[in-house]
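Remarks on the structure that follows.
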Amino acid sequence: MIFFVLGLVLLGGLALVALLVGKVVSSKTKDSGAFVSELWIYPVKSCKGIRVKTSQITRLGLTWDRRFMVAESKTNLFVSQRKYPKMANIEPSVSQDDDGTVTLKLTYNKGGHGAQSHVEKFKVDDAKTKFPKEQVKVWGDTMSAARLSDKAAKWLTSILSLDCYLVTVISESEHSRPAPKEYRVSSSDQAGGFPDGFPYLLASEESLALVNAKLKQDKAPQIPMDRFRPNIVVKGVSEPFAEDYWAKIRIGDDIHFRVAKPCSRCSMPTVDQKTGTRNKDNQPTRSMRKFRLFRWVKSSKADVYFGQNLINYQTTQTGLSLSEGAPVSVVCGTWSKGGQASKLTSIMLHLAKFL
């Protein structure tokens, strides 16, 4: 009898492995025509984004992405469009000269009232050696950051009508904000400079098209991708929200990303990134709640999701770059929708190494 039971267990295990292998193999071919259609960086957290043709992969995400942040003076907490939608009208530009001089220009243009600008120049090493340090907060994380000039604080305070200041990372190598433990590829993985929780956000044009189709049904205005503020936009996936079923992807020939979790959406997609005003009907969130409200894991509450948070496998390598037009390949899919953290998906990721 015991041998019969053991035989059934063995057969069941083999059947499960065969099923998992089948899902891994099918996931590799389903979205084989995808490619990177847009790349975006957001140098100052919650301010206007900048589209780039190519960008280096760094320890903290794409070059210059969310390396600066506005913090409230009273609480040291990050300031965002959630409460101050006019931040969408603050347009940054940033560059670094060969001698290490960083130039950050902030331009505020609120339709018809003329542009106001502030320019901040400093040596990249000053952030580590000269600038005062602040313990700033992004959600539940507290990290050390370098405070920039009082002139920058005064300029931002006047724009936002909020007592605030501007910070930057202490250095690319020493900024410390570990990625959430349950999503790390390695123990050294960082959450990035000052993002909400992950260094990269991916979304697909096909998913946006479905959102706009639903908005049209509800007689609501169409929206561009900038409402969701992704870093990597892909096109050519098999269906809208195909990315819900991705666990690991490769972009180009050799850049690998772990798809950590779907991105739950707050009120920011309701902010028009061109005008800095919030949609009075709570769109697109209102329509998205009808078809994108789901429970990602059993312990989480139901939420609206759009896009996928990524962690790069190769943060210790140098010289890797992402470019628009690069092909996107699925290395391994998930066991179920949004199931990146499930045990069965973990088994699939191990199997994918041999397939």
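Labels used: A, B, ... for chains in the order of the structure tokens, numbers from 1 for residues in each chain, and numbers from 1 for ligands as shown.
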
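Proximity to Glu72 of chain A at 8 Å, evaluated using only C-alpha atoms and with sequence-adjacent residues fewer than 3 positions away removed, yields Thr75, Asn76, Leu77, Phe78, Val79, Leu162, Asp163, Cys164 and Tyr165 of chain A.
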
Give me the segment 204-265 of chain A side of the contact with segment 81-84 of chain A, cut-off 12 Å, one line per residue showing its nearest atom pair and distance in Å at one decimal, counting only C-alpha atoms, sorted by chain and residue number, as CSV.
residue,atom,partner,partner_atom,distance
A:Arg227,CA,A:Gln81,CA,11.2
A:Arg229,CA,A:Gln81,CA,11.7
A:Arg265,CA,A:Arg82,CA,11.1

At a cut-off of 7 Å, can you tabulate as JSON lines every residue of segment 252-335 of chain A near segment 343-349 of chain A together with its closest atom pair and the distance in Å to one decimal, using only C-alpha atoms and ordering rows by chain then number?
{"residue": "A:Cys332", "atom": "CA", "partner": "A:Leu349", "partner_atom": "CA", "distance": 6.2}
{"residue": "A:Thr334", "atom": "CA", "partner": "A:Thr345", "partner_atom": "CA", "distance": 5.1}
{"residue": "A:Trp335", "atom": "CA", "partner": "A:Thr345", "partner_atom": "CA", "distance": 5.2}

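Shell of Glu134 of chain A at 12 Å, with only C-alpha atoms counted and residues fewer than 2 places along the chain excluded, is Met69, Val70, Ala71, Glu72, Ser73, Lys74, Thr75, Asn76, Leu77, Phe78, Ala127, Lys128, Phe131, Pro132, Val136, Lys137, Thr142, Met143, Ser144, Ala145, Ala146, Arg147, Leu148, Tyr165, Leu166, Val167, Thr168, Val169 and Ile170 of chain A.
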
- [ ] Please provide the set of residues having any atom within 10 Å of Arg278 of chain A, restricted to only C-alpha atoms, with same-chain residues fewer than 2 positions apart removed, written as number ranges by chain.
- [x] A: 81-82, 84-86, 267-273, 275-276, 280-283

Write a file of the selected residues as a tab-separated table (two decimals), in the first residue's frame, keeping all heavy atoms.
chain	number	residue	atom	x	y	z
A	81	GLN	N	2.94	64.73	-6.17
A	81	GLN	CA	1.74	65.20	-6.86
A	81	GLN	C	0.45	64.73	-6.19
A	81	GLN	O	-0.62	65.26	-6.49
A	81	GLN	CB	1.75	64.72	-8.31
A	81	GLN	CG	2.78	65.36	-9.19
A	81	GLN	CD	2.68	64.87	-10.62
A	81	GLN	OE1	1.59	64.58	-11.13
A	81	GLN	NE2	3.82	64.76	-11.30
A	82	ARG	N	0.56	63.77	-5.31
A	82	ARG	CA	-0.65	63.32	-4.61
A	82	ARG	C	-1.32	64.49	-3.90
A	82	ARG	O	-2.55	64.60	-3.88
A	82	ARG	CB	-0.31	62.21	-3.62
A	82	ARG	CG	0.20	60.92	-4.27
A	82	ARG	CD	0.77	59.98	-3.21
A	82	ARG	NE	1.26	58.74	-3.78
A	82	ARG	CZ	2.49	58.57	-4.29
A	82	ARG	NH1	3.34	59.58	-4.30
A	82	ARG	NH2	2.84	57.42	-4.79
A	84	TYR	N	0.27	67.81	-4.18
A	84	TYR	CA	0.67	69.02	-4.88
A	84	TYR	C	0.78	68.74	-6.38
A	84	TYR	O	1.88	68.60	-6.92
A	84	TYR	CB	2.00	69.54	-4.32
A	84	TYR	CG	1.91	69.86	-2.84
A	84	TYR	CD1	2.23	68.89	-1.88
A	84	TYR	CD2	1.48	71.10	-2.41
A	84	TYR	CE1	2.11	69.17	-0.53
A	84	TYR	CE2	1.36	71.39	-1.06
A	84	TYR	CZ	1.68	70.42	-0.12
A	84	TYR	OH	1.56	70.70	1.22
A	85	PRO	N	-0.37	68.64	-7.07
A	85	PRO	CA	-0.35	68.27	-8.49
A	85	PRO	C	0.42	69.25	-9.37
A	85	PRO	O	0.88	68.88	-10.45
A	85	PRO	CB	-1.84	68.23	-8.87
A	85	PRO	CG	-2.55	68.99	-7.80
A	85	PRO	CD	-1.75	68.80	-6.56
A	86	LYS	N	0.60	70.51	-8.91
A	86	LYS	CA	1.35	71.47	-9.71
A	86	LYS	C	2.81	71.07	-9.89
A	86	LYS	O	3.51	71.65	-10.72
A	86	LYS	CB	1.25	72.87	-9.09
A	86	LYS	CG	1.92	73.02	-7.75
A	86	LYS	CD	2.04	74.49	-7.32
A	86	LYS	CE	0.69	75.15	-7.12
A	86	LYS	NZ	0.85	76.53	-6.61
A	267	SER	N	-3.45	58.21	-6.45
A	267	SER	CA	-4.23	59.25	-7.13
A	267	SER	C	-3.47	59.92	-8.27
A	267	SER	O	-4.05	60.69	-9.04
A	267	SER	CB	-4.67	60.31	-6.12
A	267	SER	OG	-3.52	60.95	-5.55
A	268	MET	N	-2.16	59.65	-8.41
A	268	MET	CA	-1.37	60.40	-9.39
A	268	MET	C	-1.81	60.21	-10.84
A	268	MET	O	-1.69	61.15	-11.63
A	268	MET	CB	0.12	60.08	-9.22
A	268	MET	CG	0.72	60.84	-8.05
A	268	MET	SD	2.48	60.57	-7.80
A	268	MET	CE	3.17	61.14	-9.33
A	269	PRO	N	-2.32	59.04	-11.26
A	269	PRO	CA	-2.79	58.95	-12.65
A	269	PRO	C	-3.95	59.90	-12.96
A	269	PRO	O	-4.26	60.12	-14.14
A	269	PRO	CB	-3.23	57.48	-12.76
A	269	PRO	CG	-2.37	56.77	-11.78
A	269	PRO	CD	-2.25	57.71	-10.63
A	270	THR	N	-4.58	60.48	-11.95
A	270	THR	CA	-5.65	61.44	-12.21
A	270	THR	C	-5.11	62.84	-12.49
A	270	THR	O	-5.89	63.75	-12.81
A	270	THR	CB	-6.62	61.52	-11.01
A	270	THR	OG1	-5.95	62.09	-9.87
A	270	THR	CG2	-7.15	60.14	-10.64
A	271	VAL	N	-3.79	63.03	-12.37
A	271	VAL	CA	-3.18	64.35	-12.60
A	271	VAL	C	-2.72	64.47	-14.05
A	271	VAL	O	-1.93	63.65	-14.52
A	271	VAL	CB	-1.99	64.58	-11.65
A	271	VAL	CG1	-1.33	65.93	-11.95
A	271	VAL	CG2	-2.44	64.52	-10.20
A	272	ASP	N	-3.21	65.48	-14.74
A	272	ASP	CA	-2.76	65.78	-16.11
A	272	ASP	C	-1.33	66.29	-16.03
A	272	ASP	O	-1.05	67.33	-15.43
A	272	ASP	CB	-3.68	66.84	-16.73
A	272	ASP	CG	-3.40	67.06	-18.21
A	272	ASP	OD1	-2.21	67.10	-18.59
A	272	ASP	OD2	-4.36	67.22	-18.98
A	273	GLN	N	-0.39	65.58	-16.66
A	273	GLN	CA	1.02	65.91	-16.55
A	273	GLN	C	1.40	67.15	-17.38
A	273	GLN	O	2.51	67.67	-17.23
A	273	GLN	CB	1.88	64.72	-16.96
A	273	GLN	CG	1.72	63.50	-16.08
A	273	GLN	CD	2.12	63.78	-14.63
A	273	GLN	OE1	3.26	64.13	-14.34
A	273	GLN	NE2	1.17	63.63	-13.70
A	275	THR	N	-0.85	69.95	-17.53
A	275	THR	CA	-1.46	71.13	-16.88
A	275	THR	C	-1.25	71.15	-15.38
A	275	THR	O	-1.43	72.21	-14.75
A	275	THR	CB	-2.97	71.16	-17.16
A	275	THR	OG1	-3.60	70.02	-16.54
A	275	THR	CG2	-3.25	71.15	-18.66
A	276	GLY	N	-0.91	70.00	-14.79
A	276	GLY	CA	-0.76	69.95	-13.34
A	276	GLY	C	-2.07	70.07	-12.60
A	276	GLY	O	-2.11	70.54	-11.45
A	280	LYS	N	-11.49	66.00	-12.19
A	280	LYS	CA	-12.55	66.17	-11.20
A	280	LYS	C	-13.42	64.93	-11.06
A	280	LYS	O	-14.11	64.75	-10.05
A	280	LYS	CB	-13.42	67.37	-11.57
A	280	LYS	CG	-14.09	67.29	-12.93
A	280	LYS	CD	-14.88	68.56	-13.22
A	280	LYS	CE	-15.49	68.56	-14.61
A	280	LYS	NZ	-16.35	67.42	-14.89
A	281	ASP	N	-13.39	64.03	-12.06
A	281	ASP	CA	-14.19	62.81	-12.01
A	281	ASP	C	-13.38	61.59	-11.57
A	281	ASP	O	-13.82	60.45	-11.72
A	281	ASP	CB	-14.82	62.53	-13.39
A	281	ASP	CG	-15.81	63.61	-13.80
A	281	ASP	OD1	-16.58	64.07	-12.93
A	281	ASP	OD2	-15.79	64.01	-14.99
A	282	ASN	N	-12.16	61.85	-11.08
A	282	ASN	CA	-11.29	60.78	-10.59
A	282	ASN	C	-10.95	59.77	-11.68
A	282	ASN	O	-10.82	58.57	-11.43
A	282	ASN	CB	-11.92	60.05	-9.39
A	282	ASN	CG	-10.90	59.24	-8.61
A	282	ASN	OD1	-9.74	59.64	-8.47
A	282	ASN	ND2	-11.32	58.10	-8.10
A	283	GLN	N	-10.80	60.27	-12.91
A	283	GLN	CA	-10.41	59.41	-14.02
A	283	GLN	C	-8.90	59.49	-14.24
A	283	GLN	O	-8.30	60.53	-14.02
A	283	GLN	CB	-11.15	59.82	-15.30
A	283	GLN	CG	-12.64	59.56	-15.28
A	283	GLN	CD	-12.98	58.08	-15.37
A	283	GLN	OE1	-12.15	57.19	-15.11
A	283	GLN	NE2	-14.22	57.80	-15.74
